[in-house]
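Asks: After the C-alpha cells below, expect a handful of questions from me.
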Amino acid sequence: MLVRQWLLAAAAVSLIIAAGVVAWHVGRLAAPTIGRWQITITDQTRDAPPLPDLPASPVAR
C-alpha cells in the first residue's frame, strides 16, 4: 500500500511539472502574438502628438 501511495504522489508531481512545461511553451509561442496585438491596439487608438515647429535656422540666408 505504501508503494502505491508513493507512485500516486510521484505521478501527481510529474503531472504538475508537465503542466508547467506545457504552459511555459504556450507562453513562449503566444508572446509575439500578444505583443504584436498590444502594439497594434495602441497604435490604432492613439495618435502621435503634433510635431513642434522647427526654429529658424541660424545659417539661413
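Just so we're on the same page: first chain in the C-alpha cells is A, next is B, and so on; residues restart at 1 for each chain, and ligands are numbered from 1 in the order they show up.
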If you run DSSP over the backbone, which residues in chain A end up alpha helix (DSSP H)? Put them as a ChimeraX atom specification.

Replies: /A:2-45
